[in-house]
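Since the structure comes first, as C-alpha cells, the remarks are kept for the end.
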Amino acid sequence: MNRVLLEVNNLKKYFDAKGKVLYAVDDISFAINEGETMGLVGESGCGKSTVGNVLVRLLKATSGSVLYNGKNILKIKGHEKKSLCKEIQIIFQDPYSSLNPKKTVYQILSESYKVQRLCSRREIKTRIEELCRDVNLSLDILSKYPHELDGGKRQTIGIARALSLNPKLIVCDEPVSSLDVSIQAQIINMMMDLQKKKDITYLFISHDLSVVKHISTSIKVMYLGKIMEEAFTEDLFGNPLHPYTKALLSAVPSVKSSKEKKRIVLEGDVPSPINPPEGCRFCKRCWLVQEICFKEEPMLKESKQDGHRVACHFA
Amino acid sequence: MKTSNISIKRFLRSKFFMVGIITALLIIFSCVFADKIVKYDPTLPDFNARLLAPEWFSKGLHGHVLGTDALGRDILARLLYGGRYSLLVSFIAVSVAALIGCVLGTISGFYSNWIDMLIMRFGDIQLSIPPLMLAIAIVAVMGPNLVNLVIVLIIWGWPGFARLIRGNTLSIRNNEFVSASRVLGASNISIMFTQVFPNVLTPTIVYGSQALGGRILTEAALSYLGLGVQPPTPSWGVMIANGRDYLTAAPWVVLAPGLMLMFTVLAFNLLGDGIRDVLDPKMK
Amino acid sequence: MEELLEIKDLYVEYHTMEGKVKALNGVNLKIAKSESIGLVGETGAGKTTTALSILGLLPKRNSKIVSGNIIFSGKELTDKRNRGFLEKIRGNRIAMVFQNPLSSLNPVFTVGEQVAMVFRRHQKMGKKQAKIEAGKILEMTGILAFRMEDYPHQFSGGMRQRIGIAAALACKPDLLIADEPTTALDVTIQAQVLELMKELQNKSKTTLIMITHNLGIVKELCDRVAVMYAGRIIEEGEVEEVFNHPFHPYTEGLLGSLPDIKKKIERLNPIKGFMSNPMNLPKGCKFASRCPYCMEICIKEDPSDIILNDKHRAACFREDKGKVS
C-alpha cells in the first residue's frame with residue numbers, strides 16, 4: 001500500500017450568494033495515495049471543481065484541513081505557501097482561457113521558472129526544451145501564440161506548464177471535456193504515460209464517466225457537496241451500491257447498449273446547492289426513499305468490499 | 001508586449017486607418033518642420049500687412065499663403081507653429097492620463113474591493129467637474145500657462161482611461177490563465193502587470209487615439225477662453241479667439257485654425273476607428 | 001420505405017477573410033420516412049453545415065451552395081423558385097433543435113407564448129387554441145402546465161432543451177433535426193432528454209437526424225449512422241453493422257479511440273494527426289495523412305462510395321476483406 005500523499009479532513013466550502021449560503025462542499029474527507037489517480041465525479045453543482053480549487057488554494061476553505069506531508073496547507077503563508085506551488089499543481093478545463101493570448105508559448109512556459117526563481121535564463125531554455133520532449137511538442141511551437149494552435153496543442157501546453165515545477169500531485173479539472181473526441185484519446189494517453197514516467201499522483205475531476213473509468217484507480221461520487229459513494233474503479237462500475245451511482249451509470253450512453261435498454265431516469269433537475277434538503281441530499285430524486293431519508297443524513301459506511309463505502313440507509 | 005501577431009497587411013487594408021494615419025502624419029510633420037515650410041515669424045507683428053486675404057492664388061507659396069491676422073502675422077506660420085503647442089499639449093496630456101488611468105484602472109479592476117470603490121468614486125468626482133470650471137480654478141490659483149493647461153487636461157482625462165481599463169481588467173481576471181499564474185506562485189502585483197496588462201493594451205491604444213482628438217479640442221477651447229496658451233504664443237484656440245472680432249471682415253483668420261482643428265480631430269478619430277477595426281473584431 | 005429527404009452531391013463553401021472554407025465536399029444521403037439517422041463526426045466535419053443547408057439557414061453573406069441538390073418530399077430546396085415552399089416548411093415540416101438551450105429561446109417571451117407562437121404561425125390557430133395546444137405539448141415533454149407563464153431564464157438547461165423540443169415538435173414535423181441537443185447537459189438530464197426523444201419517436205414516428213459526436217447516443221437512438229469527415233460522408237449504414245464491422249479507417253479509429261463505459265480497454269488508440277485545414281484540403285482522400293492503411297492511390301484520388309452490402313457503404317480504396325456479411 002502506498003503512503004498517503006494528501007489527506008482531506010472535514011472540508012467545507014460555503015459561498016455567500018446574495019444573503020443566502022451556497023453549500024458547495026459540505027464536510028468531505030478523503031485521502032489520496034501516492035501514485036494513484038483518484039477520480040472525482042458528479043454533475044454540475046456537486047462541488048467537485050470547488051474541491052480542486054481549494055486544494056490548490058485558489059479558494060479559501062470555510063473550515064476543515066488538508067494535510068500534505070503532515071502540514072495543513074490551508075493555514076500556511078508566505079514562503080511556505082509559495083514553495084507548495086512546486087508540489088501541487090493544476091490543469092484547467094478550458095484550453096482557450098487557460099493560456100494568455102498575448103504571450104508566446106515560450107513565455108508561458110518560462111513563467112513558472114521565473115516566478116519561483118528556480119534557475120538562470122539559459123537554464124530555462126534547456127528546461128523548456130526538455131518539457132516539450134516530455135509532452136511530444138516540437139520545438140517550433142515555442143514561438144507561436146495560443147490562437148495559432150488548436151485545442152489539443154493548447155491543452156498540452158497547459159499540461160506542460162503544470163509539469164514544469166515537477167509537482168507530486170496534479171489536480172486535473174475536467175482536462176479533456178472541452179476537447180474534440182479524437183484529441184481526447186491522445187491527451188488521456190499522454191497523461192497516463194507521464195504519470196508512469198514522472199511518478200505523479202492525479203486528482204481527476206470530471207463529469208464524463210467513461211473517461212474517469214479509463215484513467216482512475218479509485219473513484220468518489222459527489223452529489224450536492226457530499227460524497228455519496230467511494231470505491232476502487234472496478235468495484236464501482238461492477239457493483240454500484242448507491243442509488244445515485246446506479247442512476248448515473250445507467251444514464252451514460254454506450255456503444256454496447258441496445259436500443260431496448262431500460263434506463264433509470266431520475267425525476268426532476270439537478271438541485272441547487274443553495275437549499276440542500278435535510279437528511280439525505282438525494283432524497284428528493286431517489287426511488288428508494290423512505291421517511292428516514294428525509295430526517296437523518298446517512299454517513300459513509302463500509303460495505304462488504306474492501307475500500308468500498310457508501311452513504312445510504314438502504315445500501 | 002508584442003502585438004506583432006497582427007499582420008501589417010490588415011492595417012494597410014483598413015481605409016479608416018490609412019486615411020487617418022496619413023492625414024495625422026502630414027499634420028504632425030508640417031507642424032514639426034514648420035520652420036522649413038514657412039519663412040514668417042509667427043509672433044512678429046507686421047502692421048503693413050494686416051488682415052491680408054489668402055494669397056495662395058496670387059502669389060503661390062511666396063506670399064502669405066493663408067493671409068494674415070489683425071496684427072499682420074502670417075496665418076500659416078501661426079497655424080503650423082501653433083500646431084506644435086496644440087499637438088504637444090494633447091499628446092502629453094493623453095499619455096500621462098493613459099498612464100495614470102492604466103495603473104489605477106488595473107488595480108481597481110483586479111482587486112474589486114474598497115480600493116476599487118475609492119478609485120472609481122474619486123474618478124467620478126473629477127469627471128463631474130466640467131473642465132472649464134477645473135481650468136478656471138487651477139488657473140486662478142496657479143496662473144495660466146502651458147504646464148497648468150496640461151495638468152487640467154490630465155486631471156480631466158485619466159478617469160476615462162481608468163474606467164475603460166477597469167472594465168477590461170474585470171473580464172480578464174476571470175480567465176484561467178490568471179488563476180494558473182496564481183497557482184504557480186506569482187504575486188498579485190506580478191500578475192496584474194505581466195499577465196493582465198498586456199491584454200488591456202489594445203483597447204487603451206484605440207481609446208487613446210480617439211482621446212487625442214478630444215483633448216486637442218479641449219485645449220483649443222480652453223486657450224480660446226484665455227485659460228491655456230497665452231498670447232503671443234500661437235495655438236489654434238488662441239487664433240480663433242483673436243479672429244473672432246473679424247469674422248465677417250476677414251473670415252480666413254478664424255477659418256484656417258477652425259478647419260485645421262477639424263481635420264486634425266477627424267484624422268485622429270479615424271485613426272482610432274481604424275485601429276479598433278483591425279485589432280478588435282475577433283482575431284482570437 | 002418512402003424517401004423523405006435526399007441530399008445529392010452537395011458542395012458548400014464559406015467565404016471568410018482568410019480564404020475559402022470548403023465545408024461540404026459532395027455529401028450524399030438518403031433518408032426514408034420514420035427513419036432515425038445519426039450524423040457523427042468531429043468539429044469541422046460539416047454536420048451543422050449540412051443541417052443548416054437543409055433548412056436554408058446558411059449565413060447569406062458569406063456562404064454559398066456551390067452545387068448539389070437537396071430534395072425534400074419531391075421538391076428541390078436549393079431552387080430559388082421554391083423559396084416560398086422552404087419558408088413554409090421551416091419550423092413546420094422540418095424542425096430543428098439546437099445545442100445551446102439558452103440562446104435558442106427568446107428571453108423576453110414566456111415559454112408558453114413561444115410554443116404557442118409556433119402554432120399560430122404555422123397552423124394559423126387563434127390565440128386561445130394555440131395556448132391550449134402549447135400546454136398539451138409542453139406537458140408531453142415534461143413541463144407542467146403551471147410553468148407556462150415562466151420565462152426561459154427561470155428554467156434549468158435540461159428543461160429549456162425540452163421546451164426547445166416541444167416547440168420543434170409542435171407542428172408534428174416530418175423531419176426533426178437535432179444538433180447536439182444534449183452536449184451541454186448533465187448526464188442524468190441528458191438521460192431524461194434521450195428517453196423523451198425515444199418515446200416521441202416511438203409515438204409519432206418522426207424522421208430524425210441526430211447530430212452528435214457521441215457514438216453511444218447514436219447506438220441507442222438511431223437506426224442508421226452516417227460518419228462525416230472533412231465535409232463528406234465517408235461511411236454510412238445500419239448502426240449495428242457499422243459499429244460491429246467498421247470499414248473506413250476513420251470509423252475504425254473513432255471506435256477505438258473513445259473511452260466507453262462498458263468497454264474494458266487498457267490503452268486508447270487515438271487517431272494520429274489532425275483533420276486537414278478546410279481551407280487547404282489535400283487532393284485525394286482527405287483522411288490519407290492520418291490513415292494507417294494509406295496506399296499510393298489514396299493520395300492521388302478521392303475514393304467514391306463502395307457499396308459493401310445493402311445496409312452499408314463506405315468511401316475507401318481498401319479491398320473488401322470479406323469482413324462484411
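In the C-alpha cells, chains take letters A, B, ... by order of appearance, with residues numbered from 1 within each chain and ligands from 1 in the order shown.
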
What are the residues of chain B lining chain A at 6 Å or less? Count only C-alpha atoms, and put the answer as a list in words.
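Per the criterion, chain B yields Asn175, Glu176, Phe177, Leu184, Gly185, Ala186 and Lys284 of chain B.
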
May I have the residues from that selection written out with N, CA and C atoms, as a PDB file, in the first residue's frame?
ATOM      1  N   ASN B 175     -10.197  34.911 -16.321  1.00  0.00           N
ATOM      2  CA  ASN B 175      -9.660  33.880 -17.200  1.00  0.00           C
ATOM      3  C   ASN B 175      -8.776  32.926 -16.428  1.00  0.00           C
ATOM      4  N   GLU B 176      -8.733  31.708 -16.930  1.00  0.00           N
ATOM      5  CA  GLU B 176      -7.973  30.708 -16.203  1.00  0.00           C
ATOM      6  C   GLU B 176      -6.477  30.956 -16.218  1.00  0.00           C
ATOM      7  N   PHE B 177      -5.978  31.713 -17.188  1.00  0.00           N
ATOM      8  CA  PHE B 177      -4.533  31.903 -17.179  1.00  0.00           C
ATOM      9  C   PHE B 177      -4.111  32.771 -15.994  1.00  0.00           C
ATOM     10  N   LEU B 184       0.970  29.039  -9.815  1.00  0.00           N
ATOM     11  CA  LEU B 184       2.413  28.907  -9.981  1.00  0.00           C
ATOM     12  C   LEU B 184       3.158  29.662  -8.899  1.00  0.00           C
ATOM     13  N   GLY B 185       2.431  30.529  -8.165  1.00  0.00           N
ATOM     14  CA  GLY B 185       3.085  31.223  -7.067  1.00  0.00           C
ATOM     15  C   GLY B 185       3.295  32.703  -7.304  1.00  0.00           C
ATOM     16  N   ALA B 186       2.766  33.233  -8.405  1.00  0.00           N
ATOM     17  CA  ALA B 186       3.009  34.647  -8.697  1.00  0.00           C
ATOM     18  C   ALA B 186       2.224  35.532  -7.747  1.00  0.00           C
ATOM     19  N   LYS B 284      -9.114  36.650 -32.086  1.00  0.00           N
ATOM     20  CA  LYS B 284      -8.798  35.476 -31.267  1.00  0.00           C
ATOM     21  C   LYS B 284      -9.957  34.500 -31.387  1.00  0.00           C
TER      22      LYS B 284
END

Out of segment 27-255 of chain B, which residues get alpha helix (DSSP H) from DSSP, as a ChimeraX atom specification?
/B:27-32,34-37,56-59,75-111,114-128,131-142,146-172,176-184,188-190,197-224,236-243,252-255

If we count only C-alpha atoms and set the cut-off at 10 Å, which residues sit around Arg50 of chain B, ignoring sequence neighbours fewer than 2 positions away in its own chain? Please answer as an mmCIF file with C-alpha atoms, in the first residue's frame.
data_model
loop_
_atom_site.group_PDB
_atom_site.id
_atom_site.type_symbol
_atom_site.label_atom_id
_atom_site.label_comp_id
_atom_site.auth_asym_id
_atom_site.auth_seq_id
_atom_site.Cartn_x
_atom_site.Cartn_y
_atom_site.Cartn_z
ATOM 1 C CA PRO B 45 3.585 91.714 -35.975
ATOM 2 C CA ASP B 46 3.764 93.482 -39.297
ATOM 3 C CA PHE B 47 1.492 96.431 -39.309
ATOM 4 C CA ASN B 48 1.871 96.899 -43.040
ATOM 5 C CA LEU B 52 -4.376 90.360 -45.818
ATOM 6 C CA ALA B 53 -6.529 87.863 -47.639
ATOM 7 C CA GLY B 67 -3.326 85.545 -45.320
ATOM 8 C CA THR B 68 -2.540 87.488 -42.158
ATOM 9 C CA ASP B 69 -4.332 88.264 -38.949
ATOM 10 C CA ALA B 70 -5.148 91.545 -37.232
ATOM 11 C CA LEU B 71 -1.540 92.077 -36.234
ATOM 12 C CA GLY B 72 -0.137 91.219 -39.641
ATOM 13 C CA ARG B 73 1.192 87.863 -38.551
ATOM 14 C CA ASP B 74 1.219 85.120 -41.183
#

Please return, as JSON, numbers by chain, all residues of chain A lying within 10 Å of chain C when only C-alpha atoms are considered.
{"A": [42, 43, 44, 150, 152, 179, 180, 181, 182, 183, 184, 185, 186, 187, 188, 189, 192, 207, 208, 209, 210, 211, 212, 213, 214, 215, 234, 237, 238, 244, 247, 248, 249, 250, 251, 252, 253, 254, 255, 256, 257, 258, 259, 260, 261, 262, 263, 264, 265, 266, 267, 268, 269, 270, 271]}

Write down as JSON, numbers by chain the residues of segment 15-173 of chain A whose backbone DSSP state falls under strand (DSSP E or B).
{"A": [15, 16, 17, 20, 21, 22, 23, 24, 25, 26, 27, 28, 29, 30, 31, 32, 33, 37, 38, 39, 40, 41, 63, 64, 65, 66, 67, 68, 71, 72, 88, 89, 90, 91, 169, 170, 171, 172, 173]}

Might you pull out every residue within 12 Å of Ser216 of chain A, with only C-alpha atoms counted and same-chain residues fewer than 6 positions away left off, and present them as a PyMOL selection string?
(chain A and resi 32+35-41+172+188+191-192+195+201-206+208-210+231-237) or (chain C and resi 266)

Any idea what's packed within 12 Å of Ile234 of chain C, counting only C-alpha atoms, ignoring anything in its chain fewer than 2 positions away? Could you give it as a compact mmCIF listing (two decimals) with C-alpha atoms, in the first residue's frame?
# COMPACT_ATOMS: atom_id res chain seq x y z
CA ASN C 25 -17.45 18.29 -50.35
CA GLY C 26 -20.00 16.10 -52.01
CA VAL C 27 -22.45 14.95 -49.35
CA ASN C 28 -24.75 12.14 -50.41
CA LEU C 29 -27.54 10.98 -48.16
CA LEU C 39 -24.77 12.13 -38.16
CA VAL C 40 -21.43 11.79 -36.41
CA GLY C 41 -18.08 13.41 -36.78
CA ALA C 45 -16.60 17.71 -40.26
CA GLY C 46 -19.61 19.56 -41.66
CA VAL C 225 -25.45 6.16 -38.84
CA ALA C 226 -23.54 8.40 -41.26
CA VAL C 227 -19.95 9.23 -40.39
CA MET C 228 -18.70 12.56 -41.69
CA TYR C 229 -15.15 13.63 -42.27
CA ALA C 230 -13.86 16.79 -43.95
CA GLY C 231 -17.23 17.64 -45.46
CA ARG C 232 -18.15 14.23 -46.75
CA GLU C 236 -22.93 5.03 -43.77
CA GLY C 237 -25.18 2.15 -42.88
CA VAL C 242 -21.25 -0.09 -38.97
CA PRO C 246 -16.45 -0.62 -39.44
CA PHE C 247 -14.92 -0.42 -42.87
CA HIS C 248 -13.48 3.06 -43.21
CA PRO C 249 -10.27 3.50 -41.22
CA TYR C 250 -11.65 6.69 -39.68
CA THR C 251 -14.69 4.90 -38.30
CA GLU C 252 -12.41 2.19 -37.03
CA CYS C 285 -8.60 11.14 -49.87
CA LYS C 286 -8.85 13.72 -47.12
CA PHE C 287 -8.04 11.16 -44.47
CA ASP C 302 -10.59 10.78 -53.78
CA PRO C 303 -12.39 7.46 -53.34
CA SER C 304 -16.01 7.25 -54.37
CA ASP C 305 -18.55 5.20 -52.46
CA ILE C 306 -18.28 1.46 -52.43
CA ILE C 307 -21.46 -0.41 -51.70
CA HIS C 312 -23.55 -0.43 -45.60
CA ARG C 313 -21.42 1.80 -47.82
CA ALA C 314 -18.04 3.45 -47.37
CA ALA C 315 -15.68 5.67 -49.34
CA CYS C 316 -12.35 3.95 -49.27
CA PHE C 317 -9.95 2.22 -51.61

Leu76 of chain B surroundings by only C-alpha atoms, 9 Å radius, close-in-sequence under 5 positions cut, as a list of chain:residue names
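The neighbour list is B:Val38, B:Tyr40, B:Pro42, B:His64, B:Val65, B:Leu66, B:Gly67, B:Thr68, B:Tyr81, B:Ala256.
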
Could you save the residues just selected, with C-alpha atoms, as an mmCIF file, in the first residue's frame?
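Output below, filename again22.cif:
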data_model
loop_
_atom_site.group_PDB
_atom_site.id
_atom_site.type_symbol
_atom_site.label_atom_id
_atom_site.label_comp_id
_atom_site.auth_asym_id
_atom_site.auth_seq_id
_atom_site.Cartn_x
_atom_site.Cartn_y
_atom_site.Cartn_z
ATOM 1 C CA VAL B 38 7.122 78.927 -43.759
ATOM 2 C CA TYR B 40 7.491 84.092 -41.494
ATOM 3 C CA PRO B 42 4.506 83.608 -36.159
ATOM 4 C CA HIS B 64 1.147 84.883 -47.114
ATOM 5 C CA VAL B 65 -0.431 81.647 -48.285
ATOM 6 C CA LEU B 66 -3.325 81.824 -45.906
ATOM 7 C CA GLY B 67 -3.326 85.545 -45.320
ATOM 8 C CA THR B 68 -2.540 87.488 -42.158
ATOM 9 C CA TYR B 81 3.881 76.729 -35.047
ATOM 10 C CA ALA B 256 -7.887 78.434 -41.083
#

Hey, what's within 7 Å of segment 91-105 of chain B if we count only C-alpha atoms and toss same-chain stuff fewer than 4 positions away? As a short mmCIF file (atom, residue, chain, number, x, y, z; two decimals) with C-alpha atoms, in the first residue's frame, please?
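Saved as out06.cif:
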data_model
loop_
_atom_site.label_atom_id
_atom_site.label_comp_id
_atom_site.auth_asym_id
_atom_site.auth_seq_id
_atom_site.Cartn_x
_atom_site.Cartn_y
_atom_site.Cartn_z
CA LEU B 87 -0.35 68.71 -30.51
CA GLY B 109 -10.39 46.09 -11.66
CA VAL B 150 -1.57 70.09 -19.34
CA LEU B 153 -6.23 68.03 -19.27
CA ILE B 154 -4.64 65.17 -17.40
CA GLY B 157 -8.65 62.74 -18.86
CA TRP B 158 -7.49 59.95 -16.57
CA PRO B 159 -10.89 58.73 -15.28
CA PHE B 161 -8.92 55.57 -19.21
CA ALA B 162 -9.27 54.17 -15.72
CA ARG B 163 -12.85 53.19 -16.28
CA ILE B 165 -9.09 49.61 -18.21
CA ARG B 166 -11.02 48.63 -15.13
CA GLY B 208 -6.09 56.84 -26.65
CA ALA B 211 -8.96 60.72 -26.86
CA LEU B 212 -6.25 62.68 -28.65
#

I'd like the interatomic distance between atom CA of Cys283 of chain A and atom CA of Ala315 of chain A, to a tenth of an Å.
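Separation of atom CA of Cys283 of chain A and atom CA of Ala315 of chain A: 13.8 Å.
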
Using only C-alpha atoms, which of the listed residues (C:Val118, C:Ala130, C:Ala51, C:Leu105) sits closest to Ala178 of chain C?
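Under the stated criterion, the closest residue is C:Ala51.
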
Calculated over only C-alpha atoms, which of the candidates C:Ile137, C:Ile71, C:Met148, C:Met17 has the smallest distance to chain B?
C:Met17

Do you have the atom CA of Tyr223 of chain A-atom CA of Leu241 of chain A distance handy?
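Separation of atom CA of Tyr223 of chain A and atom CA of Leu241 of chain A: 14.5 Å.
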
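Computed from the coordinates, the atom CA of Lys168 of chain A to atom CA of Ser181 of chain B distance equals 18.2 Å.
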